[in-house]
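Asks: Sharing a structure with you now.
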Amino acid sequence: MADKVKIFINDAPYEAENGLTVMQAADMAGFHIPRLCYHEKLSIEGACRVCIVQIEGLQNFVASCTYPVSEGMKIYTNTKELRDARRDIVELILDNHPDDCNICERNGNCELQRLAFSMGIKERLFEGEKKSYENDTSSFSVVRVPDKCILCGRCVRLCSEIQKVNAIGYSHRGFQTVVMPAYNMPFGESVCTNCGQCINVCPTAAFVEKNYTKLVFEKLNDPAVTTVVQVAPAVRAAIGECFDEPPGKDLTHEIAAALRKIGFNYVFDTQLSADLTIMEEASEFLERFKGGGKLPLITSCSSGWIKYLEQFYPEYIENISTCKSPMSMMGALIKTYFADKIKTDPKKIFSVAVMPCTAKKFEAGRPELKTAGKPSVDAVITTRELGWMIKSAGINLLSIKGENFDAPLGRSSGAAAIFGVTGGVMEAAVRTAYELYTGETLVSIELEPVRGFEGIREAELDLHGEKIRVAIAHGLGNAHSIMQLLAEAPDQYQFIEIMGCPGGCIGGGGQPYSGSNYSPLDETLLKKRAEVLYNIDRYNTIRRSHENPDIQKLYKEYLGRPLSKLSHQLLHTKYHMRKPKGIISTKKQERATGGRHG
Amino acid sequence: MDKTMPQKKDHKFIELKNYMGALKKKANPQSRLIAVLHKTQELYGYLDREIMEHISEFMNIPSAHIWGVATFYHYFNLKPQGKYVISVCMGTACFVKGAELILNKLKKELKIDLGETTPDNLFTLKEARCLGACGLAPVVMVNGEIFGELDQKSIMGLIKTLNKNTEGGVS
């Protein structure tokens with residue numbers, strides 16, 4: 001078979017690689033065929049029929065996402081018949097969909113809305129039956145809204161193919177089909193890891209985050225409460241997108257200013273506790289490495305990953321770093337160290353965390369992370385929720401004058417900023433572990449081998465003749481692959497970083513919707529967000545966690561040293577096996593994102 | 001504890017496990033899920049959630065997927081069935097000969113709706129498409145046995161007989 005075939009799209013000749021689908025070939029030729037259930041990172045379903053095209057010689061329209069090109073094929077993407085049929089298809093989807101756009105979470109950011117608009121649906125010719133199901137609000141993180149579901153199945157494919165969690169599937173059939181967890185059990189009791197990627201790939205609002213903004217505004221208006229907020233690295237790299245800013249804008253200082261204007265009494269930076277995590281985790285690694293402790297050490301920052309591990313791989317619990325996530329470390333410090341400093345009863349502090357993540361909402365509710373019987377973090381809001389709060393409070397984030405975070409928990413190193421991108425925790429940990437172990441300065445601190453977006457990356461580091469093999473995985477499907485590699489050869493790695501979401505926190509389930517110029521999980525979008533964090537690191541004069549003066553002060557004044565008794569009490573935690581047990585289908589599937597390189 | 005709840009170590013469970021064990025030796029064992037669900041229903045009369053959870057672990061199939069298959073096919077029962085499963089034929093011939101009247105009579109007398117089971121676990125009421133016994137219309141099927149040429153009176157006679165057969169309750 002020839003490598004290339006000649007095709008005609010709307011009568012103009014093009015060359016296309018043999019084996020491509022009509023949709024792919026048309027994309028390359030600059031024709032964006034409307035689509036709904038198709039997603040480039042997922043298997044092809046061909047369910048929605050929105051992407052139909054006309055092919056000369058064929059009696060029926062075909063779904064371009066499934067149909068392969070062939071020599072001499074004449075494809076039409078925009079004929080009158082096609083436009084009419086496509087409009088009817090989208091209209092029929094709309095006819096079963098609630099007509100409540102103006103009060104919907106995704107209003108203005110909904111793929112179905114955009115599609116309906118581009119189809120030119122100006123009048124409704126049919127009246128369809130609407131679905132009527134209860135919302136499932138049982139999860140701390142993700143709310144399931146079956147009425148809004150158009151059964152495109154992206155969430156189902158994402159959950160099984162990219163994340164390999166298989167928390168949701170189709171149940172029943174025909175008009176009664178609903179995407180739900182097994183046995184229609186409450187979502188909060190299912191194997192769902194709260195990663196929130198279903199929210200990102202959903203074209204409508206059939207999955208949304210559990211919204212805590214009302215509670216936060218309530219507390220901000222309560223004079224008896226001291227409100228404290230912390231902001232994760234990845235939030236600053238993406239929040240501009242909530243304000244129609246192209247991706248890739250650093251809004252660190254604008255966020256700090258906006259949070260103060262909204263009314264928070266103290267505005268802290270999760271990056272400081274990321275530095276603290278590095279101090280503890282690098283020390284923990286060296287302790288295990290030198291003392292013959294359990295290796296490989298696996299990172300614990302990603303809440304989605306931790307729940308995944310507790311359900312799918314409980315046998316590796318001892319490998320997980322006992323360090324709390326940066327959010328929970330900061331939460332514990334706010335209600336102890338900081339409460340002492342401002343002489344305030346921790347019970348009167350309301351601690352909010354702004355995270356790129358929905359799973360952090362679940363983490364905040366973990367009983368083992370409480371400080372003095374109360375949650376260390378009282379409410380977690382996502383980047384999207386903060387974007388809404390800023391708009392709702394009438395603040396123009398883009399033109400506001402930037403401010404710094406508050407002392408004593410506001411200063412951070414460049415190493416902390418890169419926590420938000422896959423490979424960043426490893427890079428930050430190596431910078432500190434190397435120097436703690438060898439007593440020498442690490443000269444080239446930008447570790448290229450651990451950067452990038454391949455699903456699994458490996459590197460070998462030299463600590464004065466001692467070789468350390470490290471590995472990095474992002475996305476739970478890749479985490480699963482790395483656990484399989486580990487099962488085959490348990491000694492091949494000493495340190496592993498795992499992030500639950502593709503791209504790391506910058507691609508978190510709480511990040512701004514991808515908008516009309518990018519698709520969810522799009523690597524060009526993720527790279528732009530990552531570049532923001534790499535630049536924050538590059539232009540920071542402090543680039544190693546142990547050189548952060550606020551961290552040094554914190555240890556001197558309060559904690560003593562890494563892994564001290566107080567550190568253990570405030571900054572470390574335990575994990576436990578969790579039911580229901582997760583099942584990883586052994587059905588062979590392509591690795592989710594990218595391959596493996598040495 | 002619920003009496004209908006299957007016990008892990010009973011002979012039915014062991015039989016199911018052996019059945020799955022044998023399937024696992026064949027190629028693509030996961031593609032045989034429907035056979036396993038058939039076996040489960042044959043043994044227990046319905047697909048119990050606990051059992052589906054065991055199937056999930058044993059066959060290495062995510063439970064959301066099993067649930068999808070179990071709910072897709074009407075054949076699979078998701079709730080315990082009564083001792084007598086009564087399927088009223090609603091095919092064309094039976095329908096014109098008064099099947100709906102029979103169905104309504106049963107609903108009224110047994111005080112259950114379609115798909116439900118009486119509190120004493122005796123009767124489950126279902127409807128069927130054509131059972132292929134149109135010459136006897138209207139017909140009902142009780143546990144696979146056809147009863148034909150029924151009317152509102154004779155159907156209650158049948159119920160009475162079945163009731164009498166199980167005096168002393170259902171085990």
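Naming scheme: A, B, ... for chains in displayed order of the structure tokens; residues 1 onward per chain; ligands 1 onward as shown.
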Within 8 Å of chain A, which residues of chain B show up? Give each one with its shortest atom-to-atom distance in Å (one decimal) and the two atoms involved, counting only C-alpha atoms, rows by chain then rising residue number, as JSON lines.
Replies:
{"residue": "B:Arg49", "atom": "CA", "partner": "A:Tyr183", "partner_atom": "CA", "distance": 7.1}
{"residue": "B:Ser56", "atom": "CA", "partner": "A:Ile583", "partner_atom": "CA", "distance": 7.2}
{"residue": "B:Glu57", "atom": "CA", "partner": "A:Ile583", "partner_atom": "CA", "distance": 6.7}
{"residue": "B:Asn60", "atom": "CA", "partner": "A:Ser585", "partner_atom": "CA", "distance": 5.8}
{"residue": "B:Ile61", "atom": "CA", "partner": "A:Ser585", "partner_atom": "CA", "distance": 5.5}
{"residue": "B:Pro62", "atom": "CA", "partner": "A:Ile583", "partner_atom": "CA", "distance": 5.0}
{"residue": "B:Ser63", "atom": "CA", "partner": "A:Ala182", "partner_atom": "CA", "distance": 5.5}
{"residue": "B:Ala64", "atom": "CA", "partner": "A:Ala182", "partner_atom": "CA", "distance": 4.0}
{"residue": "B:His65", "atom": "CA", "partner": "A:Gly169", "partner_atom": "CA", "distance": 6.0}
{"residue": "B:Ile66", "atom": "CA", "partner": "A:Ala182", "partner_atom": "CA", "distance": 7.6}
{"residue": "B:Trp67", "atom": "CA", "partner": "A:Ala182", "partner_atom": "CA", "distance": 5.4}
{"residue": "B:Gly68", "atom": "CA", "partner": "A:Ser171", "partner_atom": "CA", "distance": 4.3}
{"residue": "B:Val69", "atom": "CA", "partner": "A:Ser171", "partner_atom": "CA", "distance": 7.4}
{"residue": "B:Thr71", "atom": "CA", "partner": "A:His172", "partner_atom": "CA", "distance": 4.6}
{"residue": "B:Phe72", "atom": "CA", "partner": "A:His172", "partner_atom": "CA", "distance": 4.5}
{"residue": "B:Tyr73", "atom": "CA", "partner": "A:His172", "partner_atom": "CA", "distance": 7.7}
Asks: What's the 12 Å shell around Glu100 (chain B), counting only C-alpha atoms, without same-chain residues fewer than 2 positions away, as an MDAnalysis selection string?
Replies: chainID B and resid 88:98 102:107 127:128 137:140 150:152
Asks: Counting only C-alpha atoms, what is within 10 Å of region 459-465 of chain A, bar same-chain residues fewer than 5 positions away, as a list of chain:residue names?
Replies: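 Everything that qualifies: A:Val430, A:Ala433, A:Tyr434, A:Glu435, A:Tyr437, A:Thr438, A:Glu440, A:Leu447, A:Glu448, A:Pro449, A:Val450, A:Val470, A:Ala471, A:Ile472, A:Tyr493, A:Gln494, A:His597, A:Gly598.
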Asks: Could you tell me, as an MDAnalysis selection string, which residues of region 331-470 of chain A DSSP assigns to strand (DSSP E or B) when given the backbone?
Replies: chainID A and resid 349:355 371 374 379:382 456:463 466:470
Asks: Keeping N, CA and C atoms, export the residues of the selection given above as a compact mmCIF listing (two decimals), in the first residue's frame.
Replies:
# COMPACT_ATOMS: atom_id res chain seq x y z
N ILE A 349 -9.86 30.27 63.23
CA ILE A 349 -9.22 30.47 61.92
C ILE A 349 -9.97 29.64 60.88
N PHE A 350 -10.33 30.29 59.79
CA PHE A 350 -10.90 29.54 58.67
C PHE A 350 -9.85 29.51 57.57
N SER A 351 -9.38 28.30 57.29
CA SER A 351 -8.24 28.14 56.39
C SER A 351 -8.70 27.62 55.04
N VAL A 352 -8.42 28.40 54.01
CA VAL A 352 -8.86 28.06 52.65
C VAL A 352 -7.63 27.75 51.79
N ALA A 353 -7.76 26.76 50.93
CA ALA A 353 -6.68 26.45 49.99
C ALA A 353 -7.20 26.58 48.57
N VAL A 354 -6.45 27.30 47.73
CA VAL A 354 -6.81 27.41 46.32
C VAL A 354 -5.91 26.44 45.55
N MET A 355 -6.54 25.47 44.94
CA MET A 355 -5.80 24.36 44.36
C MET A 355 -6.22 24.14 42.91
N THR A 371 -5.87 18.81 62.68
CA THR A 371 -5.01 19.45 63.67
C THR A 371 -5.90 19.81 64.85
N LYS A 374 -9.67 19.37 64.48
CA LYS A 374 -10.38 20.10 63.42
C LYS A 374 -9.61 19.94 62.11
N ALA A 379 -11.62 24.63 53.76
CA ALA A 379 -12.29 24.59 52.45
C ALA A 379 -11.24 24.63 51.36
N VAL A 380 -11.44 23.80 50.36
CA VAL A 380 -10.55 23.82 49.20
C VAL A 380 -11.36 24.32 48.02
N ILE A 381 -10.86 25.34 47.34
CA ILE A 381 -11.52 25.78 46.11
C ILE A 381 -10.55 25.61 44.95
N THR A 382 -11.11 25.37 43.78
CA THR A 382 -10.27 25.15 42.60
C THR A 382 -9.91 26.48 41.96
N ILE A 456 6.11 8.27 31.02
CA ILE A 456 7.02 7.79 32.06
C ILE A 456 8.43 8.22 31.67
N ARG A 457 9.14 8.79 32.62
CA ARG A 457 10.50 9.21 32.33
C ARG A 457 11.42 8.63 33.40
N GLU A 458 12.63 8.31 32.99
CA GLU A 458 13.59 7.74 33.93
C GLU A 458 14.89 8.51 33.84
N ALA A 459 15.65 8.53 34.92
CA ALA A 459 16.95 9.18 34.89
C ALA A 459 17.85 8.53 35.93
N GLU A 460 19.15 8.71 35.72
CA GLU A 460 20.09 8.19 36.70
C GLU A 460 20.90 9.35 37.23
N LEU A 461 21.02 9.43 38.54
CA LEU A 461 21.74 10.54 39.15
C LEU A 461 22.94 9.99 39.90
N ASP A 462 23.97 10.81 39.94
CA ASP A 462 25.20 10.37 40.57
C ASP A 462 25.40 11.15 41.86
N LEU A 463 25.31 10.49 43.00
CA LEU A 463 25.59 11.14 44.28
C LEU A 463 26.98 10.67 44.72
N GLU A 466 27.56 7.11 44.07
CA GLU A 466 26.38 6.27 44.33
C GLU A 466 25.31 6.60 43.29
N LYS A 467 24.86 5.56 42.60
CA LYS A 467 23.88 5.79 41.53
C LYS A 467 22.45 5.71 42.10
N ILE A 468 21.69 6.69 41.71
CA ILE A 468 20.27 6.66 42.10
C ILE A 468 19.43 6.66 40.82
N ARG A 469 18.55 5.66 40.71
CA ARG A 469 17.66 5.61 39.55
C ARG A 469 16.31 6.20 39.96
N VAL A 470 15.87 7.19 39.22
CA VAL A 470 14.58 7.80 39.53
C VAL A 470 13.63 7.63 38.35
Asks: Considering only C-alpha atoms, return as a ChimeraX atom specification whatever protein or nucleic-acid residues lie within 8 Å of region 81-89 of chain A, sequence-local ones (same chain, fewer than 6 positions apart) excluded.
Replies: /A:49-54,61,116,119-121
Asks: Print the selection's residues with N, CA and C atoms to a file, as an mmCIF file, in the first residue's frame.
Replies:
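New file selection_16.cif:
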data_model
loop_
_atom_site.group_PDB
_atom_site.id
_atom_site.type_symbol
_atom_site.label_atom_id
_atom_site.label_comp_id
_atom_site.auth_asym_id
_atom_site.auth_seq_id
_atom_site.Cartn_x
_atom_site.Cartn_y
_atom_site.Cartn_z
ATOM 1 N N ARG A 49 -22.222 11.238 15.964
ATOM 2 C CA ARG A 49 -22.544 11.488 14.549
ATOM 3 C C ARG A 49 -22.494 12.975 14.173
ATOM 4 N N VAL A 50 -21.900 13.794 15.002
ATOM 5 C CA VAL A 50 -21.800 15.216 14.656
ATOM 6 C C VAL A 50 -20.777 15.421 13.538
ATOM 7 N N CYS A 51 -19.777 14.542 13.460
ATOM 8 C CA CYS A 51 -18.661 14.758 12.539
ATOM 9 C C CYS A 51 -18.914 14.136 11.168
ATOM 10 N N ILE A 52 -20.169 13.965 10.802
ATOM 11 C CA ILE A 52 -20.449 13.337 9.513
ATOM 12 C C ILE A 52 -19.928 14.161 8.340
ATOM 13 N N VAL A 53 -19.538 13.457 7.289
ATOM 14 C CA VAL A 53 -19.145 14.102 6.033
ATOM 15 C C VAL A 53 -19.805 13.340 4.887
ATOM 16 N N GLN A 54 -19.739 13.966 3.716
ATOM 17 C CA GLN A 54 -20.296 13.333 2.529
ATOM 18 C C GLN A 54 -19.120 12.829 1.696
ATOM 19 N N PHE A 61 -24.141 9.487 4.763
ATOM 20 C CA PHE A 61 -23.081 10.275 5.379
ATOM 21 C C PHE A 61 -22.290 9.344 6.302
ATOM 22 N N ALA A 116 -23.869 24.248 19.167
ATOM 23 C CA ALA A 116 -25.211 24.659 18.750
ATOM 24 C C ALA A 116 -25.144 25.999 18.032
ATOM 25 N N MET A 119 -23.638 25.617 14.578
ATOM 26 C CA MET A 119 -24.546 24.948 13.654
ATOM 27 C C MET A 119 -25.606 25.909 13.138
ATOM 28 N N GLY A 120 -25.704 27.053 13.775
ATOM 29 C CA GLY A 120 -26.723 28.019 13.381
ATOM 30 C C GLY A 120 -28.122 27.595 13.789
ATOM 31 N N ILE A 121 -28.221 26.962 14.940
ATOM 32 C CA ILE A 121 -29.552 26.557 15.407
ATOM 33 C C ILE A 121 -30.251 27.795 15.964
#
